[in-house]
Each structure stands twice: as C-alpha cells, then as structure tokens.
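The structure appears right after this line, and notes come after that.
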Amino acid sequence: MSRLLANNAWALGLAGLLAVLLIATKFIQPDFGVSGLDSLARAGLPFALATLGMAVVVIAGGIDLSLAAMMAVSSVTAAVMMQGAGDGGAAAVVGFVLVLGMAMGAVNGTLVVVTKVPDIVVTLAMLYVWAGVALLILNAPGGAAAPWLRELIVGGVTLPGLPEAATNWLPKSLIFLVISLGVIWLPIRGTKLGLMFYAIGSDALAAFRSGVPVGRTKIAAYAVTGLFAALGGLAVTMSTGIGEPIPGPYLLASVAAVVLGGVTLGGGRGGLIGPIVAVFVLRLVRMDLTLMAVDPNVTTIVEGSIMVAVVMFGAVMAQRGRRP
Amino acid sequence: MTSTLSRLARLLRDRPILPLVLLLLALVGLLQIMNPGVVNLLWFGNALKIAIPLAMIGGCQTLTMLTGGIDLSAGTVATISAFVMVTLVPLIGAPEAIAIALACALVAGLVNGFGVAIARVHPLIMTLGTGLIGNGCLLVYQRYVIATGTRIPDFLLWLGTGKTWGLPNGLALFVPFAAALIWSQYRTGFGRLLYAIGSNEPAARLSGVRSWQVYFSLYARSGMIAGVTGLLYIGQVKSPSLSLALPLDLPSVAAAVVGGTSIFGGRGGYGGTIVGALILTVLTTMLTLLHLPEGARRILFGLIILAVTAVYIRLTDQS
C-alpha cells in the first residue's frame with residue numbers, strides 16, 4: 001500500500017491540488033455546479049487527449065511537435081467527410097479518422113527511426129507537413145459533425161434504471177475521456193509493448209541489448225500518439241461542429257501538462273493519470289481566474305508561472321532524492 | 001574510387017559548412033533556371049535583408065543548442081523588446097526606450113538562466129514557460145500603453161529597411177555581430193566551454209567547469225541577442241504587433257538544425273546557421289514563385305528541411 005502511494009505520489013499530490021481548486025471554485029462562484037463541471041470537462045477534452053498522446057511518446061523517449069497539426073488534419077478530415085453523410089456513414093468516418101491518425105503517427109515514427117535525425121527535428125519538419133495537409137483538405141473552417149457525435153460529449157450521463165439525479169452530475173465528456181484511456185492505454189500498459197515503451201525511454205541501448213526491437217517499438221509509440229491526436233481532432237470537431245484547419249494551442253499546452261503530470265522529458269518515467277489531472281488543474285486555474293474577473297491576459301502569466309514553479313519544485317525534489 | 005569517396009567524406013567531415021554552401025548555390029541556380037532574371041542585385045539585397053533577423057534569432061538557438069538546450073522564448077523576447085521600445089519612444093525618447101527594452105530582454109534571459117542553471121529545469125520547458133509568461137506580460141502592458149501611440153526611431157528604420165550600394169544596412173549590425181559570435185565560439189573560453197558542456201556535462205564539471213555559471217551567462221546572452229534582433233526587426237517590418245517575431249521561433253530552430261548544429265549539443269557552429277538561414281530564405285522565395293496553394297508550400301518546406309537534415313547527418317557522421 002505504501003509502495004503504491006510512493007509510486008503515485010506525484011499524481012496524488014496533483015489530485016489533491018485539483019480537489020483544493022474545485023473547493024476554491026465553489027467558494028468563488030457559489031452556484032458552480034453541474035453545468036460548470038460539464039463545460040470544464042468539455043473544454044478540457046481536446047487538451048486532455050492531446051496530453052495523453054504527448055505523454056505516450058515522451059515516455060518512450062521521444063517528443064512529437066507535430067501533435068497539434070495532426071489534430072488539425074483529423075479534425076478537418078472528419079468534418080469534410082461527415083458533411084452530408086448519414087449516421088452510419090459518420091461512424092465509418094470516425095473509424096477512418098482513427099486509422100488515419102495511427103498512420104500519421106506511424107509515418108512520424110518511421111521517419112525518426114529511418115533518418116536517425118533527432119525526434120524533435122523530425123517532428124518539427126512534420127509540423128509543417130501536417131499543417132499543410134490540413135490546409136489542402138480544408139482551406140477555411142467548415143464541414144459538419146454528425147448530431148449523435150455531438151450528443152456524445154454534451155451534458156451529463158443518464159443510465160437506464162437509475163434516477164437521473166444520481167448520474168447526471170457526471171459529464172459525458174469525462175466518461176468519453178476515461179473510456180478512450182481505458183480502451184487504448186490499459187491493454188498496452190498491461191502487455192509487453194507497454195513495458196518496451198518504458199524500456200526504450202529509459203535507455204535505448206540497454207533495451208536493445210535486452211532484445212527489444214527499439215525501432216519498431218518507437219514506431220508503435222508514435223502510432224499510439226497519432227491515435228490520441230486523431231481522437232483529440234475528433235473532439236475538436238465534436239465540440240465545435242466544424243473542422244478547424246489551423247492547429248490550435250494544443251502543442252505547448254500538452255507539453256506543459258505532461259511535464260506537470262510527472263512524466264520526465266527524456267523518457268522512461270511517469271504514467272498517464274498524472275498528465276490528465278494536470279490538464280484539469282491548468283484548466284481549472286484558468287476558469288477560477290476568469291470567474292474572479294481577472295484580466296484573461298494575467299491568466300496566461302499565472303499559468304506560465306505555475307508551470308515553471310511546479311517543474312522547478314519537481315527538479316529540486318528530484319535532486320534531493322538523488323542525494324543519499 | 002573508394003579512396004576518392006572516403007577522402008570526400010573526410011573533407012565534408014572536417015569542413016561541414018561546404019555542402020551547405022554548395023546546396024545554397026545550387027538552390028540559387030535552380031531559382032534562376034525556374035524564373036530567369038529573378039536573381040539580380042535587388043533580389044540579393046532583399047534576400048539578405050529577410051535572412052538577417054532569422055539568422056540572429058538562429059544565433060540564440062545555436063548557442064543554446066551547443067550545450068544541448070534550446071531557447072523557445074527568443075521570438076517572444078524579441079517581440080517584447082520591439083514593442084516596449086516603440087511604445088516608449090514617444091514618452092521618454094529613443095535612447096532611454098532602447099535601454100529599457102534591452103533591460104526587459106536581459107531580465108527574460110536571466111529568468112531562463114536561473115531556471116536552467118540553478119533550478120535545473122529542462123531548457124525546453126523553462127524557455128517555453130518564460131515565453132508564456134512574457135507573452136502574458138506583454139498583453140497586460142499593451143492595455144496600459146494603447147493610447148500613447150508608437151514611433152520607430154529613424155536610425156532603426158535606416159538599419160531595417162535602408163540599402164547602401166544594393167546591400168541592406170542591417171549588415172552594419174549583422175556582420176560585426178556574426179564575426180564576434182564566430183570568433184567567440186572558437187577563440188574564447190566561454191565558447192569552448194559551451195562545446196565542452198554540450199559534449200559531456202559530467203566530464204566538464206569534473207574538469208572544474210562551473211556549469212551553472214556558463215548556463216546563466218549563456219541564457220542571459222541569448223536574451224540580449226533576441227532583444228537586439230527585435231529592435232532590428234521592428235525597423236524592417238515597421239508595424240508593431242503583439243506577435244511580431246513569434247513566427248521566427250520555429251524557423252530559427254530549423255535554420256540552426258539545417259546549418260548542422262546538433263540539437264543534442266557539442267557539434268556545429270554559427271557559420272552553418274547563417275548559411276541555414278539563407279537556405280531557408282531562398283527556399284521560401286522559390287516556393288512562393290511556384291504558385292502552389294499555401295498547404296502544398298508548407299508540406300514541401302517541411303519535407304525539404306527534413307531531407308536536408310537527414311542527408312547532412314548521413315554525410316558528416318560517416319565513419
């Protein structure tokens with residue numbers, strides 16, 4: 001038990017911070033309730049999915065600067081193909097976009113492995129490529145999203161057989177996030193592949209000597225990142241109803257949340273729960289400051305300061321821990 | 001045959017800037033073939049003018065990348081310096097405004113230096129955070145000075161847009177700057193320390209290098225370079241905005257990388273970055289002349305950067 005606590009100390013600390021922030025929100029805005037929670041979860045959904053994608057590739061020792069651009073490609077592809085398509089057609093489109101995301105991620109990973117150019121440089125170049133692809137597909141915001149897809153993330157959960165009040169406070173978008181995480185990450189985390197992600201992230205050479213196919217594992221990690229990026233792009237289209245060809249502010253925000261969530265840049269350490277909690281901590285700080293009628297520009301300053309302060313704190317703690 | 005090849009490989013390894021210069025010349029030649037008559041003195045002057053700010057911000061990236069770092073706040077710092085300067089000139093006069101603008105840039109650099117040197121935060125995160133904070137400060141500042149109006153001092157306009165004998169006046173600032181940077185990276189203790197730390201930080205520390213002092217000074221210098229670039233850039237663009245130099249951030253990293261500086265540290269130099277910035281500028285002209293849609297242009301830009309870097313790494317790492 002104490003080991004479990006020690007292993008997840010960072011995520012637990014963040015969760016505590018989140019709880020404190022939620023209580024503070026209730027004080028600032030006494031009528032903060034179900035609808036506030038819902039809008040918080042919905043606004044945070046694309047950020048959370050982007051962060052999950054970034055966390056996977058960072059754990060595997062890489063970084064993907066083209067993440068937001070891949071989200072844009074997924075978003076416009078979904079919006080263009082869904083225009084005029086029926087409900088069944090829209091489901092096929094969702095499947096296609098998810099495969100497309102994995103393919104884009106796999107292309108990034110393959111280029112990293114084949115060219116031997118550092119990850120950060122390859123994905124910087126691919127940022128231009130995917131942003132260009134998104135612009136070629138759709139020149140200006142447009143397209144459409146199927147109504148049932150929008151229903152999927154708007155409002156609270158209602159379960160048959162239970163009174164509506166019992167479950168209605170739980171935002172659907174949060175359930176969507178938890179299900180995406182469970183379906184994609186849990187199977188990987190439990191198998192050899194997840195272990196190999198951590199292995200190549202902590203020491204690629206040692207992993208290679210232990211018989212891990214480093215190149216293929218890296219490509220797989222990038223593909224998972226692409227899959228999360230596709231989900232993030234779908235979430236953008238689902239919540240706005242249109243496709244957005246210009247990459248949103250997801251790249252920097254996801255790197256920030258990943259680091260705040262306890263994943264070490266350079267790889268091999270951390271999990272996916274911490275980064276998700278970190279996303280909502282950052283969103284909630286933003287919301288609280290808005291509720292307190294603070295200038296939205298000051299919000300940016302506060303956000304940046306929190307990120308830097310927390311990371312400094314983490315770095316200092318890590319140095320303490322290393323000393324005997 | 002093999003010996004010729006290996007001799008060529010050794011030549012490229014010893015003089016890594018050669019293939020880049022050849023590539024640059026080939027691109028200019030291609031441009032001339034694509035659109036005969038476009039390459040003339042006027043074009044040459046303009047290309048140099050556009051490449052100068054990019055190459056200067058690329059200097060921030062080169063220096064920090066030599067130690068295995070990066071400075072993603074450079075674009076923001078340049079914007080802050082430019083914006084603070086143009087809004088203060090009508091109030092307190094040009095010399096004071098420039099001094100305050102450069103002081104802002106220095107503060108941003110010192111904050112980066114503190115984070116990287118003392119708190120040991122990863123440079124990517126630290127400079128990203130400083131960039132965010134700086135951008136927020138700029139937005140808040142802008143609300144208070146919105147009424148004062150802006151003015152760009154005449155000599156900055158002369159430096160940014162003027163030309164003498166077909167060459168941009170910006171060279172008057174850039175040539176000494178580049179010379180000092182290249183000289184300092186090869187001939188001064190500070191420059192050699194950057195390479196030492198970038199190659200192997202523990203080894204450098206065990207040899208008696210106080211790496212925190214080097215980092216502190218390095219990021220402060222990077223902030224100053226960004227600040228000076230901002231002043232030059234505003235003279236060139238002439239319309240102050242809150243996102244003035246932000247579009248230079250990623251291309252400046254690309255210029256340093258194309259110019260052969262390793263993002264992991266210890267390899268490369270500023271000479272390559274200058275050629276890299278010129279290559280990027282010529283490429284942009286070329287892609288504009290192709291009359292492709294914006295999307296296709298970006299795709300080609302990304303692919304070419306990737307291809308050049310991949311080939312270059314292959315060529316120079318051959319053993």
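Within each chain, counting starts at residue 1; across the structure tokens, chains are named A, B, ... in the order shown, with ligands numbered 1 upward in that order.
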
- Message: Using only C-alpha atoms, I'd like every residue of chain B that has an atom within 6 Å of chain A; please write them out as a ChimeraX atom specification.
- Response: /B:119,121,129,132-133,136,139-140,295-296,298-299,302,306,310

- Determine, counting only C-alpha atoms, which protein, DNA and RNA residues have an atom within 10 Å of an atom of segment 192-194 of chain A; residues of the same chain fewer than 5 positions away are not included. Present the result as a list of chain:residue names.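 In the requested form, the answer reads A:Val56, A:Ile59, A:Ala60, A:Trp185, A:Leu186, A:Pro187, A:Ala199, A:Val212, A:Thr217, A:Ala220, A:Ala221.
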
Same residues, C-alpha atoms, output as a PDB file, in the first residue's frame:
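File part_23.pdb, as written:
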ATOM      1  CA  VAL A  56       2.962   8.239 -24.508  1.00  0.00           C
ATOM      2  CA  ILE A  59       7.550   8.085 -22.002  1.00  0.00           C
ATOM      3  CA  ALA A  60       9.055   6.236 -24.971  1.00  0.00           C
ATOM      4  CA  TRP A 185      -3.799   2.532 -22.849  1.00  0.00           C
ATOM      5  CA  LEU A 186      -4.816  -0.206 -20.382  1.00  0.00           C
ATOM      6  CA  PRO A 187      -4.258  -3.084 -22.840  1.00  0.00           C
ATOM      7  CA  ALA A 199      12.391   0.378 -21.640  1.00  0.00           C
ATOM      8  CA  VAL A 212      13.757  -5.087 -27.507  1.00  0.00           C
ATOM      9  CA  THR A 217       8.679  -0.069 -30.556  1.00  0.00           C
ATOM     10  CA  ALA A 220       4.391   1.865 -32.250  1.00  0.00           C
ATOM     11  CA  ALA A 221       4.685   4.620 -29.627  1.00  0.00           C
TER      12      ALA A 221
END

- Message: Could you go through segment 33-155 of chain B and tell me which residues DSSP, when run on the backbone, assigns to alpha helix (DSSP H), listing them as a PyMOL selection string?
- Response: chain B and resi 33-34+41-66+74-92+94-113+123-145+154-155

- Excluding Ala293 of chain A and any residue of its chain fewer than 6 positions from it, enumerate the residues within 12 Å of it, using only C-alpha atoms, and give them as a PyMOL selection string. chain A and resi 28-29+286-287+299

- Neighbours of segment 238-246 of chain A within 8 Å (only C-alpha atoms; same-chain residues fewer than 6 positions away dropped), as a list of chain:residue names?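 Once the nearby chain positions are removed, what remains is A:Arg42, A:Ala69, A:Ala72, A:Val73, A:Ser75, A:Val76, A:Thr77, A:Ala78, A:Ala79, A:Val80, A:Ala131, A:Ala134, A:Leu135, A:Leu138, A:Asn139, A:Ala140, A:Pro141, A:Gly142, A:Gly143, A:Ala144, A:Ala145, A:Leu149, A:Arg150, A:Ile153, A:Val154.
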
- Task: Tell me which protein, DNA and RNA residues are within 9 Å of Phe174 of chain B, counting only C-alpha atoms, leaving out same-chain ones fewer than 3 positions away, and put them as a list in words.
- Result: Ile52, Pro53, Ala55, Met56, Gly170, Leu171, Phe177, Ala178 and Ala179 of chain B

Requested write-out: N, CA, C and O atoms of the selected residues, as a compact mmCIF listing (two decimals), in the first residue's frame:
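So the final result, stored in selection_9.txt, reads:
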# COMPACT_ATOMS: atom_id res chain seq x y z
N ILE B 52 18.52 38.24 -42.31
CA ILE B 52 19.29 38.72 -41.15
C ILE B 52 18.59 38.47 -39.81
O ILE B 52 19.18 37.86 -38.91
N PRO B 53 17.31 38.89 -39.63
CA PRO B 53 16.69 38.62 -38.31
C PRO B 53 16.62 37.13 -38.02
O PRO B 53 16.84 36.70 -36.88
N ALA B 55 18.65 34.82 -39.03
CA ALA B 55 19.98 34.34 -38.66
C ALA B 55 20.34 34.78 -37.25
O ALA B 55 21.01 34.04 -36.52
N MET B 56 19.86 35.98 -36.84
CA MET B 56 20.21 36.45 -35.49
C MET B 56 19.48 35.64 -34.43
O MET B 56 20.08 35.22 -33.43
N GLY B 170 21.23 46.60 -42.63
CA GLY B 170 21.24 45.70 -41.49
C GLY B 170 22.57 44.99 -41.35
O GLY B 170 22.96 44.59 -40.25
N LEU B 171 23.29 44.85 -42.47
CA LEU B 171 24.59 44.20 -42.43
C LEU B 171 25.56 44.93 -41.50
O LEU B 171 26.44 44.33 -40.91
N PHE B 177 28.27 41.47 -35.52
CA PHE B 177 27.64 40.51 -34.62
C PHE B 177 28.08 39.09 -34.94
O PHE B 177 28.52 38.33 -34.08
N ALA B 178 27.96 38.72 -36.22
CA ALA B 178 28.30 37.35 -36.63
C ALA B 178 29.78 37.08 -36.41
O ALA B 178 30.17 36.01 -35.93
N ALA B 179 30.61 38.10 -36.75
CA ALA B 179 32.05 37.92 -36.58
C ALA B 179 32.39 37.67 -35.12
O ALA B 179 33.15 36.76 -34.77

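We find atom CA of Gly109 of chain B and atom CA of Gly227 of chain B to be spaced 9.5 Å apart.
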
- Message: Could you check the closest approach to Ala24 of chain A for each of A:Val310, A:Leu234, A:Ala223, A:Val285 and tell me which residue wins, using only C-alpha atoms?
- Response: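 Looking at the shortest contact to Ala24 of chain A, the residue is A:Val285.
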
- So which residues touch Trp212 of chain B within 10 Å, counting only C-alpha atoms, skipping near sequence neighbours fewer than 2 positions away, as a PyMOL selection string? chain B and resi 113-114+116-120+205+209-210+214-218

Could you take the residues named above and write them with N, CA and C atoms, as a short mmCIF file (atom, residue, chain, number, x, y, z; two decimals), in the first residue's frame?
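Final file, out36.cif:
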data_model
loop_
_atom_site.label_atom_id
_atom_site.label_comp_id
_atom_site.auth_asym_id
_atom_site.auth_seq_id
_atom_site.Cartn_x
_atom_site.Cartn_y
_atom_site.Cartn_z
N GLY B 113 18.02 31.73 -17.44
CA GLY B 113 19.28 31.28 -16.89
C GLY B 113 19.11 30.72 -15.49
N PHE B 114 18.31 31.42 -14.67
CA PHE B 114 18.06 30.95 -13.31
C PHE B 114 17.42 29.55 -13.35
N VAL B 116 17.37 27.25 -15.74
CA VAL B 116 18.19 26.17 -16.29
C VAL B 116 19.41 25.91 -15.41
N ALA B 117 20.05 27.00 -14.91
CA ALA B 117 21.31 26.84 -14.19
C ALA B 117 21.11 26.42 -12.75
N ILE B 118 20.21 27.09 -12.05
CA ILE B 118 20.08 26.86 -10.61
C ILE B 118 19.04 25.79 -10.32
N ALA B 119 17.83 25.96 -10.92
CA ALA B 119 16.76 25.02 -10.61
C ALA B 119 16.83 23.75 -11.45
N ARG B 120 17.72 23.72 -12.44
CA ARG B 120 17.95 22.54 -13.28
C ARG B 120 16.69 22.09 -14.00
N ARG B 205 32.14 19.11 -15.78
CA ARG B 205 32.04 19.54 -14.39
C ARG B 205 33.21 18.98 -13.58
N VAL B 209 34.73 22.86 -14.57
CA VAL B 209 33.85 23.88 -15.15
C VAL B 209 32.68 24.10 -14.21
N ARG B 210 32.42 25.36 -13.86
CA ARG B 210 31.22 25.63 -13.07
C ARG B 210 30.08 25.80 -14.07
N VAL B 214 28.10 29.03 -16.58
CA VAL B 214 28.05 29.05 -18.04
C VAL B 214 26.61 29.16 -18.51
N TYR B 215 25.72 28.32 -17.93
CA TYR B 215 24.31 28.36 -18.33
C TYR B 215 23.71 29.74 -18.08
N PHE B 216 24.00 30.28 -16.91
CA PHE B 216 23.43 31.58 -16.54
C PHE B 216 23.82 32.63 -17.58
N SER B 217 25.11 32.69 -17.84
CA SER B 217 25.61 33.68 -18.79
C SER B 217 25.07 33.41 -20.19
N LEU B 218 24.98 32.12 -20.55
CA LEU B 218 24.52 31.75 -21.90
C LEU B 218 23.10 32.23 -22.14
#

- Determine, counting only C-alpha atoms, which protein, DNA and RNA residues have an atom within 7 Å of an atom of Gly274 of chain A; residues of the same chain fewer than 3 positions away are not included. Present the result as a count of residues only. 6

- Query: Pick the closest to Leu205 of chain A from A:Gly61, A:Ala229, A:Phe280, A:Gly190: which is it, counting only C-alpha atoms?
  - Reply: A:Gly61

- Task: Check the smallest atom-to-atom distance from each of B:Leu300, B:Met65, B:Leu167, B:Leu278 to Ser222 of chain B using only C-alpha atoms, then report the winner.
- Result: B:Met65

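Nearest-residue note for Val178 of chain A: choosing from A:Leu45, A:Val214, A:Ile23, A:Val99, the minimum distance belongs to A:Leu45, counting only C-alpha atoms.
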